[in-house]
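Shown here: upload32.txt, compact mmCIF, C-alpha atoms.
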```txt
# COMPACT_ATOMS: atom_id res chain seq x y z
CA MET P 806 139.16 269.85 3.58
CA PRO P 807 135.64 271.35 3.64
CA ILE P 808 134.74 274.32 1.49
CA VAL P 809 133.41 276.30 4.48
CA SER P 810 134.14 276.36 8.19
CA VAL P 811 131.25 277.80 10.19
CA ILE P 812 132.04 278.99 13.71
CA ILE P 813 129.45 279.46 16.47
CA PRO P 814 130.61 281.03 19.74
CA THR P 815 128.06 280.15 22.39
CA TYR P 816 127.44 281.04 26.03
CA ASN P 817 124.24 279.97 27.80
CA ALA P 818 122.25 279.62 24.58
CA GLU P 819 120.12 276.60 25.49
CA LYS P 820 116.95 278.25 24.15
CA THR P 821 118.28 279.08 20.68
CA ILE P 822 121.33 276.95 19.88
CA GLN P 823 119.42 274.01 18.37
CA GLU P 824 117.56 276.19 15.87
CA THR P 825 120.77 278.04 14.97
CA VAL P 826 122.71 274.81 14.43
CA SER P 827 119.90 273.39 12.30
CA SER P 828 119.94 276.47 10.08
CA VAL P 829 123.64 275.78 9.41
CA LEU P 830 123.46 272.02 8.93
CA ASN P 831 120.52 272.43 6.55
CA GLN P 832 122.46 274.67 4.16
CA THR P 833 122.21 273.77 0.48
CA LEU P 834 126.00 274.06 0.38
CA SER P 835 126.59 271.00 2.53
CA ASP P 836 130.38 270.68 2.23
CA LEU P 837 131.07 272.35 5.56
CA GLU P 838 132.30 271.83 9.08
CA LEU P 839 130.45 273.40 11.99
CA ILE P 840 132.66 274.38 14.91
CA ILE P 841 130.87 275.23 18.15
CA ILE P 842 132.96 276.96 20.80
CA ASN P 843 131.27 276.53 24.17
CA ASP P 844 132.40 279.56 26.14
CA GLY P 845 131.94 278.22 29.66
CA SER P 846 128.15 277.82 29.47
CA THR P 847 126.46 277.08 32.80
CA ASP P 848 123.03 276.15 31.39
CA ARG P 849 121.98 273.17 29.24
CA THR P 850 123.70 274.37 26.05
CA LEU P 851 126.03 271.36 25.89
CA ASP P 852 123.18 268.96 26.63
CA VAL P 853 121.19 270.37 23.73
CA VAL P 854 124.16 270.22 21.34
CA SER P 855 124.96 266.63 22.37
CA THR P 856 121.58 265.49 21.01
CA LEU P 857 122.55 266.63 17.49
CA ASP P 858 124.04 263.82 15.43
CA ASP P 859 126.00 265.04 12.43
CA PRO P 860 129.62 264.17 11.50
CA ARG P 861 130.21 267.76 10.39
CA LEU P 862 129.60 269.03 13.92
CA LYS P 863 132.60 269.64 16.21
CA VAL P 864 132.26 270.95 19.76
CA PHE P 865 135.03 272.42 21.91
CA SER P 866 134.61 273.69 25.47
CA TYR P 867 136.70 276.35 27.20
CA PRO P 868 136.48 278.56 30.31
CA ASN P 869 134.48 281.72 29.68
CA ALA P 870 136.52 284.32 27.79
CA GLY P 871 134.05 286.29 25.68
CA VAL P 872 132.87 286.27 22.09
CA ALA P 873 136.03 287.61 20.40
CA ILE P 874 138.32 285.03 21.96
CA SER P 875 135.75 282.31 21.27
CA ARG P 876 135.69 283.23 17.59
CA ASN P 877 139.49 283.20 17.56
CA ARG P 878 139.48 279.76 19.16
CA GLY P 879 137.16 278.64 16.40
CA LEU P 880 139.51 280.05 13.78
CA SER P 881 142.35 277.99 15.25
CA LYS P 882 140.26 274.83 14.64
CA ALA P 883 138.97 275.76 11.19
CA THR P 884 140.20 273.88 8.10
CA GLY P 885 137.87 275.32 5.44
CA GLN P 886 138.82 277.44 2.45
CA TYR P 887 136.19 279.96 3.55
CA ILE P 888 135.05 281.09 6.99
CA SER P 889 131.70 282.27 8.25
CA PHE P 890 130.48 283.09 11.75
CA ILE P 891 127.02 282.92 13.23
CA ASP P 892 125.96 283.88 16.74
CA ALA P 893 124.17 281.22 18.77
CA ASP P 894 120.82 283.02 18.60
CA ASP P 895 120.79 284.03 14.91
CA LEU P 896 119.48 282.13 11.88
CA TRP P 897 120.41 281.63 8.23
CA THR P 898 118.14 280.92 5.30
CA PRO P 899 119.01 277.56 3.67
CA ASP P 900 120.73 279.13 0.64
CA LYS P 901 122.91 281.61 2.54
CA LEU P 902 126.29 279.92 2.11
CA GLU P 903 125.64 278.73 -1.44
CA ALA P 904 124.62 282.21 -2.63
CA GLN P 905 127.63 283.89 -1.03
CA TYR P 906 130.03 281.19 -2.24
CA GLN P 907 128.71 281.54 -5.79
CA ALA P 908 129.11 285.33 -5.60
CA LEU P 909 132.78 284.88 -4.69
CA GLN P 910 133.26 282.41 -7.55
CA ASP P 911 131.67 284.87 -9.98
CA ASN P 912 133.74 287.77 -8.60
CA PRO P 913 137.26 286.38 -8.04
CA GLN P 914 138.61 289.85 -7.24
CA ALA P 915 136.53 289.82 -4.01
CA SER P 916 137.43 288.05 -0.78
CA VAL P 917 134.31 288.81 1.27
CA ALA P 918 130.66 288.22 0.35
CA TYR P 919 127.80 289.67 2.37
CA SER P 920 124.02 289.47 2.19
CA TRP P 921 120.99 291.33 3.53
CA THR P 922 119.81 291.03 7.13
CA ASP P 923 116.44 291.25 8.84
CA TYR P 924 115.67 291.71 12.54
CA VAL P 925 113.56 288.99 14.19
CA ASP P 926 112.28 288.59 17.74
CA GLU P 927 112.76 285.75 20.22
CA SER P 928 110.26 283.58 18.37
CA GLY P 929 111.76 284.32 14.95
CA GLN P 930 109.04 286.74 13.86
CA PHE P 931 110.01 289.60 11.55
CA LEU P 932 110.68 292.90 13.35
CA GLY P 933 112.17 295.04 10.61
CA VAL P 934 114.90 295.57 8.06
CA CYS P 935 118.47 295.64 9.37
CA ALA P 936 120.76 296.06 6.35
CA ARG P 937 120.09 296.36 2.61
CA ALA P 938 123.38 297.53 1.09
CA THR P 939 124.24 296.66 -2.51
CA ASN P 940 127.77 298.10 -2.60
CA SER P 941 130.62 295.99 -3.93
CA GLY P 942 134.34 296.61 -4.40
CA ASN P 943 136.35 298.80 -2.03
CA LEU P 944 134.10 299.36 1.00
CA TYR P 945 136.69 300.74 3.43
CA GLN P 946 135.32 304.28 3.71
CA LEU P 947 131.72 303.10 3.50
CA LEU P 948 132.16 300.69 6.41
CA LEU P 949 133.62 303.48 8.51
CA LEU P 950 130.60 305.63 7.73
CA ALA P 951 128.08 302.84 8.42
CA ASP P 952 128.16 299.16 9.32
CA VAL P 953 126.38 298.02 6.16
CA ILE P 954 127.15 294.37 7.00
CA GLY P 955 124.67 294.52 9.88
CA SER P 956 125.81 291.68 12.12
CA GLY P 957 128.60 289.26 12.94
CA SER P 958 126.54 286.43 11.43
CA ASN P 959 126.72 287.71 7.87
CA PRO P 960 129.86 287.48 5.68
CA LEU P 961 131.53 284.55 3.98
CA ILE P 962 135.28 285.25 3.97
CA LYS P 963 138.27 283.65 2.30
CA ALA P 964 140.38 282.03 5.03
CA GLU P 965 143.53 283.55 3.56
CA ALA P 966 142.05 287.05 3.98
CA ILE P 967 141.46 286.53 7.71
CA ALA P 968 144.99 285.12 8.02
CA LYS P 969 146.34 288.39 6.59
CA VAL P 970 144.40 290.86 8.78
CA GLY P 971 144.60 288.84 12.01
CA GLU P 972 142.14 287.66 14.63
CA PHE P 973 139.25 289.44 16.32
CA ASP P 974 140.34 292.11 18.81
CA PRO P 975 139.03 291.34 22.34
CA ALA P 976 139.67 294.98 23.33
CA VAL P 977 136.80 296.24 21.14
CA VAL P 978 133.95 293.91 22.18
CA PRO P 979 131.03 294.23 21.40
CA THR P 980 132.02 295.89 18.10
CA GLU P 981 134.75 293.37 17.31
CA ASP P 982 132.87 292.25 14.20
CA TRP P 983 132.67 295.81 12.76
CA ASP P 984 136.38 296.17 13.50
CA MET P 985 137.09 292.96 11.58
CA TRP P 986 135.01 294.05 8.57
CA ILE P 987 136.89 297.38 8.48
CA ARG P 988 140.29 295.69 8.64
CA LEU P 989 139.30 293.29 5.87
CA ALA P 990 138.11 296.22 3.74
CA GLU P 991 141.51 297.88 4.03
CA HIS P 992 143.03 295.06 1.99
CA PHE P 993 140.27 293.18 0.19
CA GLN P 994 137.22 293.80 -1.96
CA TYR P 995 133.67 292.88 -1.03
CA VAL P 996 130.77 291.61 -3.13
CA ALA P 997 127.12 292.14 -2.18
CA VAL P 998 124.49 289.41 -2.46
CA PRO P 999 121.13 291.26 -2.68
CA ALA P 1000 118.93 288.80 -0.81
CA VAL P 1001 117.90 288.30 2.83
CA HIS P 1002 119.99 285.45 4.21
CA ILE P 1003 120.54 286.44 7.86
CA LEU P 1004 117.88 286.68 10.57
CA TYR P 1005 119.36 288.76 13.38
CA ARG P 1006 117.55 287.97 16.61
CA GLN P 1007 116.95 290.90 18.96
CA LEU P 1008 116.97 289.89 22.62
CA PRO P 1009 116.64 292.35 25.56
CA ASN P 1010 119.87 291.14 27.20
CA SER P 1011 121.96 290.86 24.05
CA GLY P 1012 125.26 292.74 23.67
CA SER P 1013 123.77 295.07 21.06
CA TYR P 1014 121.45 296.51 23.70
CA ASN P 1015 124.27 297.73 25.99
CA MET P 1016 124.62 301.14 24.42
CA ARG P 1017 127.41 302.42 26.66
CA LYS P 1018 129.62 299.45 25.80
CA MET P 1019 128.81 299.93 22.11
CA GLU P 1020 129.86 303.57 22.31
CA VAL P 1021 133.15 302.91 24.10
CA SER P 1022 134.17 300.01 21.87
CA SER P 1023 133.20 301.88 18.69
CA LEU P 1024 135.40 304.81 19.66
CA ARG P 1025 138.28 302.40 20.25
CA VAL P 1026 137.81 300.95 16.77
CA LEU P 1027 137.82 304.44 15.26
CA GLU P 1028 140.85 305.51 17.30
CA LYS P 1029 142.82 302.73 15.64
CA VAL P 1030 141.72 304.01 12.24
CA PHE P 1031 142.33 307.71 12.96
CA GLU P 1032 145.81 306.98 14.36
CA LYS P 1033 146.90 306.05 10.84
CA ASN P 1034 146.34 309.71 9.91
CA SER P 1035 145.08 308.95 6.41
CA GLU P 1036 144.27 312.14 4.51
CA SER P 1037 141.17 310.64 2.91
CA ILE P 1038 139.84 309.40 6.27
CA ASN P 1039 140.61 312.65 8.09
CA ALA P 1040 138.52 314.45 5.45
CA ILE P 1041 135.42 312.49 6.48
CA LYS P 1042 136.14 312.15 10.22
CA SER P 1043 133.19 314.33 11.29
CA ALA P 1044 130.82 312.33 9.09
CA ILE P 1045 132.15 309.04 10.51
CA LEU P 1046 131.62 310.15 14.12
CA GLY P 1047 128.32 311.86 13.36
CA ASN P 1048 126.92 308.80 11.60
CA ARG P 1049 127.93 306.50 14.43
CA TYR P 1050 126.22 308.67 17.03
CA LYS P 1051 123.10 309.04 14.87
CA CYS P 1052 122.83 305.25 14.76
CA PHE P 1053 123.34 305.07 18.53
CA ALA P 1054 120.64 307.69 19.11
CA TRP P 1055 118.19 305.85 16.87
CA LYS P 1056 118.92 302.54 18.59
CA ALA P 1057 118.52 304.02 22.08
CA LEU P 1058 115.29 305.84 21.25
CA GLU P 1059 113.43 303.41 18.98
CA GLY P 1060 110.01 302.31 20.20
CA ILE P 1061 109.19 303.44 23.74
CA PRO P 1062 112.42 303.16 25.74
CA GLU P 1063 112.87 303.42 29.49
CA ARG P 1064 113.68 306.87 30.92
CA HIS P 1065 117.41 306.22 31.42
CA ARG P 1066 117.68 304.93 27.85
CA ALA P 1067 115.95 308.07 26.57
CA TRP P 1068 118.51 310.20 28.38
CA THR P 1069 121.30 308.13 26.83
CA GLY P 1070 119.71 308.65 23.43
CA GLY P 1071 119.61 312.39 24.06
CA ARG P 1072 123.34 312.41 24.82
CA PHE P 1073 124.01 310.49 21.60
CA LEU P 1074 121.90 312.97 19.64
CA TRP P 1075 123.87 315.86 21.13
CA HIS P 1076 127.14 314.25 19.98
CA SER P 1077 125.57 313.83 16.53
CA ILE P 1078 124.69 317.53 16.38
CA GLN P 1079 128.23 318.50 17.33
CA GLN P 1080 129.45 316.67 14.21
CA ASP P 1081 126.54 317.65 11.94
CA LYS P 1082 124.96 321.04 12.72
CA SER P 1083 122.41 320.56 9.93
CA LEU P 1084 120.50 318.22 12.28
CA LEU P 1085 119.16 321.30 14.07
CA LYS P 1086 117.20 322.14 10.92
CA LYS P 1087 115.59 318.71 10.62
CA LYS P 1088 112.11 317.92 11.93
CA VAL P 1089 113.19 314.53 13.26
CA THR P 1090 115.63 316.18 15.68
CA TRP P 1091 112.92 318.27 17.33
CA LYS P 1092 110.59 315.30 17.31
CA ILE P 1093 113.24 313.39 19.27
CA PHE P 1094 113.64 316.27 21.76
CA ILE P 1095 109.88 316.18 22.39
CA LYS P 1096 109.95 312.40 22.77
CA ILE P 1097 112.79 312.61 25.31
CA ALA P 1098 110.92 315.32 27.24
CA ILE P 1099 107.78 313.19 27.42
CA LEU P 1100 109.75 310.17 28.64
CA SER P 1101 111.72 312.28 31.14
CA ILE P 1102 108.91 314.29 32.72
CA LEU P 1103 105.86 312.05 32.69
CA PRO P 1104 105.25 308.76 34.52
CA ARG P 1105 106.07 305.72 32.40
CA SER P 1106 102.42 304.68 31.90
CA ILE P 1107 101.31 308.14 30.74
CA ALA P 1108 104.35 308.61 28.48
CA SER P 1109 103.76 305.19 26.92
CA ASP P 1110 100.11 305.98 26.30
CA ILE P 1111 100.93 309.30 24.60
CA LEU P 1112 103.65 307.82 22.39
CA THR P 1113 101.40 304.89 21.47
CA ARG P 1114 98.64 307.25 20.36
CA LYS P 1115 101.01 309.74 18.74
CA LYS P 1116 102.86 307.25 16.58
CA ARG P 1117 104.60 310.01 14.63
CA LEU P 1118 106.60 310.81 17.78
CA SER P 1119 107.62 307.17 18.23
CA HIS P 1120 108.88 306.66 14.69
CA ILE P 1121 112.28 308.29 14.26
CA ASP P 1122 113.66 306.40 11.26
CA ALA P 1123 114.17 309.74 9.50
CA LEU P 1124 117.27 310.17 11.68
CA LEU P 1125 118.92 307.35 9.71
CA TYR P 1126 118.12 309.18 6.47
CA SER P 1127 120.42 311.98 7.68
CA LEU P 1128 123.50 309.74 7.56
CA GLN P 1129 126.20 311.32 5.42
CA TYR P 1130 128.31 309.46 2.83
CA PRO P 1131 131.05 311.83 1.62
CA ILE P 1132 133.18 309.07 0.04
CA GLN P 1133 136.60 310.36 -1.00
CA ASN P 1134 137.83 309.35 -4.45
CA THR P 1135 141.30 308.42 -3.23
CA GLU P 1136 143.00 305.17 -2.33
CA ASN P 1137 142.86 303.84 1.26
```

Mind turning this structure into structure tokens?
Amino acid sequence: MPIVSVIIPTYNAEKTIQETVSSVLNQTLSDLELIIINDGSTDRTLDVVSTLDDPRLKVFSYPNAGVAISRNRGLSKATGQYISFIDADDLWTPDKLEAQYQALQDNPQASVAYSWTDYVDESGQFLGVCARATNSGNLYQLLLLADVIGSGSNPLIKAEAIAKVGEFDPAVVPTEDWDMWIRLAEHFQYVAVPAVHILYRQLPNSGSYNMRKMEVSSLRVLEKVFEKNSESINAIKSAILGNRYKCFAWKALEGIPERHRAWTGGRFLWHSIQQDKSLLKKKVTWKIFIKIAILSILPRSIASDILTRKKRLSHIDALLYSLQYPIQNTEN
């Protein structure tokens, strides 16, 4: 039985799968099995994988069913004491599994270890910081207020913990990973590993760029939480919704987005203001309104030129500084 089962769900990832697989097989913690679930790929993904010769590598092919079901299929094949997932276009540093495994050995009360994440582009070049949380222990409320894990390619999880909370929910794709982290946090403690171990690749056609789907699935995740009618969660419901929409607005409006994306970002900002009226007093909010107006009224080339020259209008990271964390000192 291996210490760790690593699961890669993959669909048409011929350009990135080899580099992703290599980052797993080159881990300093080598006692692992790597389970690739080919989700009905129609490109050369299988051809690329077939060139990789390693006894720890196992490949299973199924008709296309989506990332949540693919991860669940991987779970059904896993034999490791611990489970970790990595998307077919992301990367790990060589010490990722070893550092997280050691953190769990040093903190036996925890069942989930997570590290820091950076954004990279298609060629693996650094784009920016994704997640830098250092919180350990009971993260249930914190994870509702913000996805501090950062991506589905991050945690190392005790297999018995996943067995208790159940599989990924296909009804909440593409936020099925956030849903899983929340459900784990209801029952188990986390431990943070303060080092960058995950390189989260940002691709134009990736699921994280479909903002409408992200909104709908996130609300479904939160509906499941709010239905439990927990007093401590109801007390921070506005902050939970406000934070989620602030993150959506930032994501939609970062850089120089297309006009329709700017409008979407404006709608997200409006939802944020409904939950947090103090936004109307913040400079970043009015900066965003001006940015949306420029993108909405002016031709794309002129708007891009203005926002390139006026970099202060393009940079809206201050919106993320307005996230609220009113953690309640009560049990889940």

Compile a residue-level contact table for stretch 975-1035 of chain P against stretch 892-914 of chain P at a cut-off of 10 Å, reporting for every qualifying residue the shortest atom pair and its distance in Å to one decimal, with all atoms listed in the file counted, rows ordered by chain and ascending number, as JSON lines.
```
{"residue": "P:Phe993", "atom": "CA", "partner": "P:Gln914", "partner_atom": "CA", "distance": 8.3}
{"residue": "P:Gln994", "atom": "CA", "partner": "P:Gln914", "partner_atom": "CA", "distance": 6.7}
{"residue": "P:Tyr995", "atom": "CA", "partner": "P:Gln914", "partner_atom": "CA", "distance": 8.5}
{"residue": "P:Val996", "atom": "CA", "partner": "P:Ala908", "partner_atom": "CA", "distance": 6.9}
{"residue": "P:Ala997", "atom": "CA", "partner": "P:Ala908", "partner_atom": "CA", "distance": 7.9}
{"residue": "P:Val998", "atom": "CA", "partner": "P:Gln905", "partner_atom": "CA", "distance": 6.5}
{"residue": "P:Pro999", "atom": "CA", "partner": "P:Ala904", "partner_atom": "CA", "distance": 9.7}
{"residue": "P:Ala1000", "atom": "CA", "partner": "P:Lys901", "partner_atom": "CA", "distance": 8.9}
{"residue": "P:Val1001", "atom": "CA", "partner": "P:Thr898", "partner_atom": "CA", "distance": 7.8}
{"residue": "P:His1002", "atom": "CA", "partner": "P:Thr898", "partner_atom": "CA", "distance": 5.0}
{"residue": "P:Ile1003", "atom": "CA", "partner": "P:Trp897", "partner_atom": "CA", "distance": 4.8}
{"residue": "P:Leu1004", "atom": "CA", "partner": "P:Leu896", "partner_atom": "CA", "distance": 5.0}
{"residue": "P:Tyr1005", "atom": "CA", "partner": "P:Asp895", "partner_atom": "CA", "distance": 5.2}
{"residue": "P:Arg1006", "atom": "CA", "partner": "P:Asp895", "partner_atom": "CA", "distance": 5.4}
{"residue": "P:Gln1007", "atom": "CA", "partner": "P:Asp894", "partner_atom": "CA", "distance": 8.8}
{"residue": "P:Leu1008", "atom": "CA", "partner": "P:Asp894", "partner_atom": "CA", "distance": 8.8}
{"residue": "P:Ser1011", "atom": "CA", "partner": "P:Asp894", "partner_atom": "CA", "distance": 9.6}
```

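The residue set within 7 Å of P:Pro868, counting only C-alpha atoms and dropping same-chain residues fewer than 2 places from it, reads Asp844, Gly845 and Ala870 of chain P.
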
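Atom pair atom CA of P:Asn943 / atom CA of P:Leu989 has a distance of 10.1 Å (rounded to one decimal).
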
May I have the residues within 9 Å of P:Ala1057 as a count of residues only, using only C-alpha atoms and disregarding those fewer than 5 positions away in the same chain?
-> 11

Can you pull out the residues contacting P:Leu948? Cut-off 9 Å, using all atoms listed in the file, and skip same-chain residues under 5 positions away; I want them as a PDB file with C-alpha atoms, in the frame of the given file.
```pdb
ATOM      1  CA  VAL P 953     126.380 298.020   6.160  1.00  0.00           C
ATOM      2  CA  ILE P 954     127.150 294.370   7.000  1.00  0.00           C
ATOM      3  CA  TRP P 983     132.670 295.810  12.760  1.00  0.00           C
ATOM      4  CA  TRP P 986     135.010 294.050   8.570  1.00  0.00           C
ATOM      5  CA  ILE P 987     136.890 297.380   8.480  1.00  0.00           C
ATOM      6  CA  ALA P 990     138.110 296.220   3.740  1.00  0.00           C
TER       7      ALA P 990
END
```

Please provide as a VMD selection string all residues within 12 Å of P:Lys1088, with the sequence filter that same-chain residues fewer than 6 positions apart are discarded (counting all atoms listed in the file).
-> chain P and resid 1094 to 1095 1117 to 1118 1121 to 1124 1126 to 1127

Considering all atoms listed in the file, state which residue in the set P:Pro975, P:Pro1104, P:Pro1131, P:Gly871 is at the smallest distance from P:Val1026.
-> P:Pro975

Would you mind completing stretch 828-838 of chain P so that it carries all heavy atoms, and writing it out as a tab-separated table (two decimals), keeping the file's coordinate frame?
```
chain	number	residue	atom	x	y	z
P	828	SER	N	119.92	275.58	11.25
P	828	SER	CA	119.94	276.47	10.08
P	828	SER	C	121.28	276.39	9.35
P	828	SER	O	121.35	276.70	8.16
P	828	SER	CB	119.65	277.91	10.50
P	828	SER	OG	120.77	278.54	11.08
P	829	VAL	N	122.33	275.96	10.05
P	829	VAL	CA	123.64	275.78	9.41
P	829	VAL	C	123.73	274.41	8.75
P	829	VAL	O	124.12	274.29	7.58
P	829	VAL	CB	124.78	275.94	10.44
P	829	VAL	CG1	126.13	275.61	9.79
P	829	VAL	CG2	124.80	277.34	11.02
P	830	LEU	N	123.34	273.37	9.47
P	830	LEU	CA	123.46	272.02	8.93
P	830	LEU	C	122.52	271.77	7.77
P	830	LEU	O	122.74	270.85	6.97
P	830	LEU	CB	123.21	271.00	10.04
P	830	LEU	CG	124.23	271.00	11.19
P	830	LEU	CD1	123.86	269.96	12.24
P	830	LEU	CD2	125.65	270.74	10.66
P	831	ASN	N	121.47	272.57	7.65
P	831	ASN	CA	120.52	272.43	6.55
P	831	ASN	C	120.85	273.31	5.35
P	831	ASN	O	120.00	273.49	4.46
P	831	ASN	CB	119.10	272.75	7.04
P	831	ASN	CG	118.58	271.69	8.00
P	831	ASN	OD1	118.94	270.52	7.91
P	831	ASN	ND2	117.73	272.10	8.93
P	832	GLN	N	122.06	273.85	5.30
P	832	GLN	CA	122.46	274.67	4.16
P	832	GLN	C	122.51	273.83	2.88
P	832	GLN	O	122.91	272.66	2.90
P	832	GLN	CB	123.83	275.29	4.42
P	832	GLN	CG	123.84	276.38	5.47
P	832	GLN	CD	123.11	277.63	5.01
P	832	GLN	OE1	123.46	278.25	4.00
P	832	GLN	NE2	122.08	278.01	5.76
P	833	THR	N	122.13	274.46	1.76
P	833	THR	CA	122.21	273.77	0.48
P	833	THR	C	123.66	273.52	0.06
P	833	THR	O	123.93	272.59	-0.69
P	833	THR	CB	121.49	274.58	-0.61
P	833	THR	OG1	122.02	275.92	-0.64
P	833	THR	CG2	119.99	274.64	-0.33
P	834	LEU	N	124.57	274.36	0.53
P	834	LEU	CA	126.00	274.06	0.38
P	834	LEU	C	126.38	273.22	1.60
P	834	LEU	O	126.59	273.74	2.69
P	834	LEU	CB	126.83	275.36	0.33
P	834	LEU	CG	128.28	275.24	-0.12
P	834	LEU	CD1	128.84	276.61	-0.51
P	834	LEU	CD2	129.18	274.62	0.95
P	835	SER	N	126.46	271.92	1.40
P	835	SER	CA	126.59	271.00	2.53
P	835	SER	C	128.03	270.62	2.86
P	835	SER	O	128.28	269.99	3.90
P	835	SER	CB	125.80	269.72	2.26
P	835	SER	OG	126.25	269.09	1.06
P	836	ASP	N	128.97	271.02	1.99
P	836	ASP	CA	130.38	270.68	2.23
P	836	ASP	C	130.95	271.68	3.24
P	836	ASP	O	131.63	272.64	2.88
P	836	ASP	CB	131.16	270.73	0.92
P	836	ASP	CG	132.59	270.22	1.08
P	836	ASP	OD1	132.97	269.81	2.20
P	836	ASP	OD2	133.33	270.24	0.08
P	837	LEU	N	130.65	271.43	4.51
P	837	LEU	CA	131.07	272.35	5.56
P	837	LEU	C	131.41	271.60	6.84
P	837	LEU	O	131.04	270.44	7.01
P	837	LEU	CB	129.96	273.38	5.82
P	837	LEU	CG	128.58	272.87	6.30
P	837	LEU	CD1	128.52	272.65	7.80
P	837	LEU	CD2	127.48	273.85	5.88
P	838	GLU	N	132.12	272.29	7.71
P	838	GLU	CA	132.30	271.83	9.08
P	838	GLU	C	131.71	272.90	9.99
P	838	GLU	O	131.83	274.10	9.71
P	838	GLU	CB	133.78	271.60	9.41
P	838	GLU	CG	134.65	272.83	9.33
P	838	GLU	CD	136.10	272.56	9.74
P	838	GLU	OE1	136.41	271.43	10.14
P	838	GLU	OE2	136.92	273.50	9.64
```
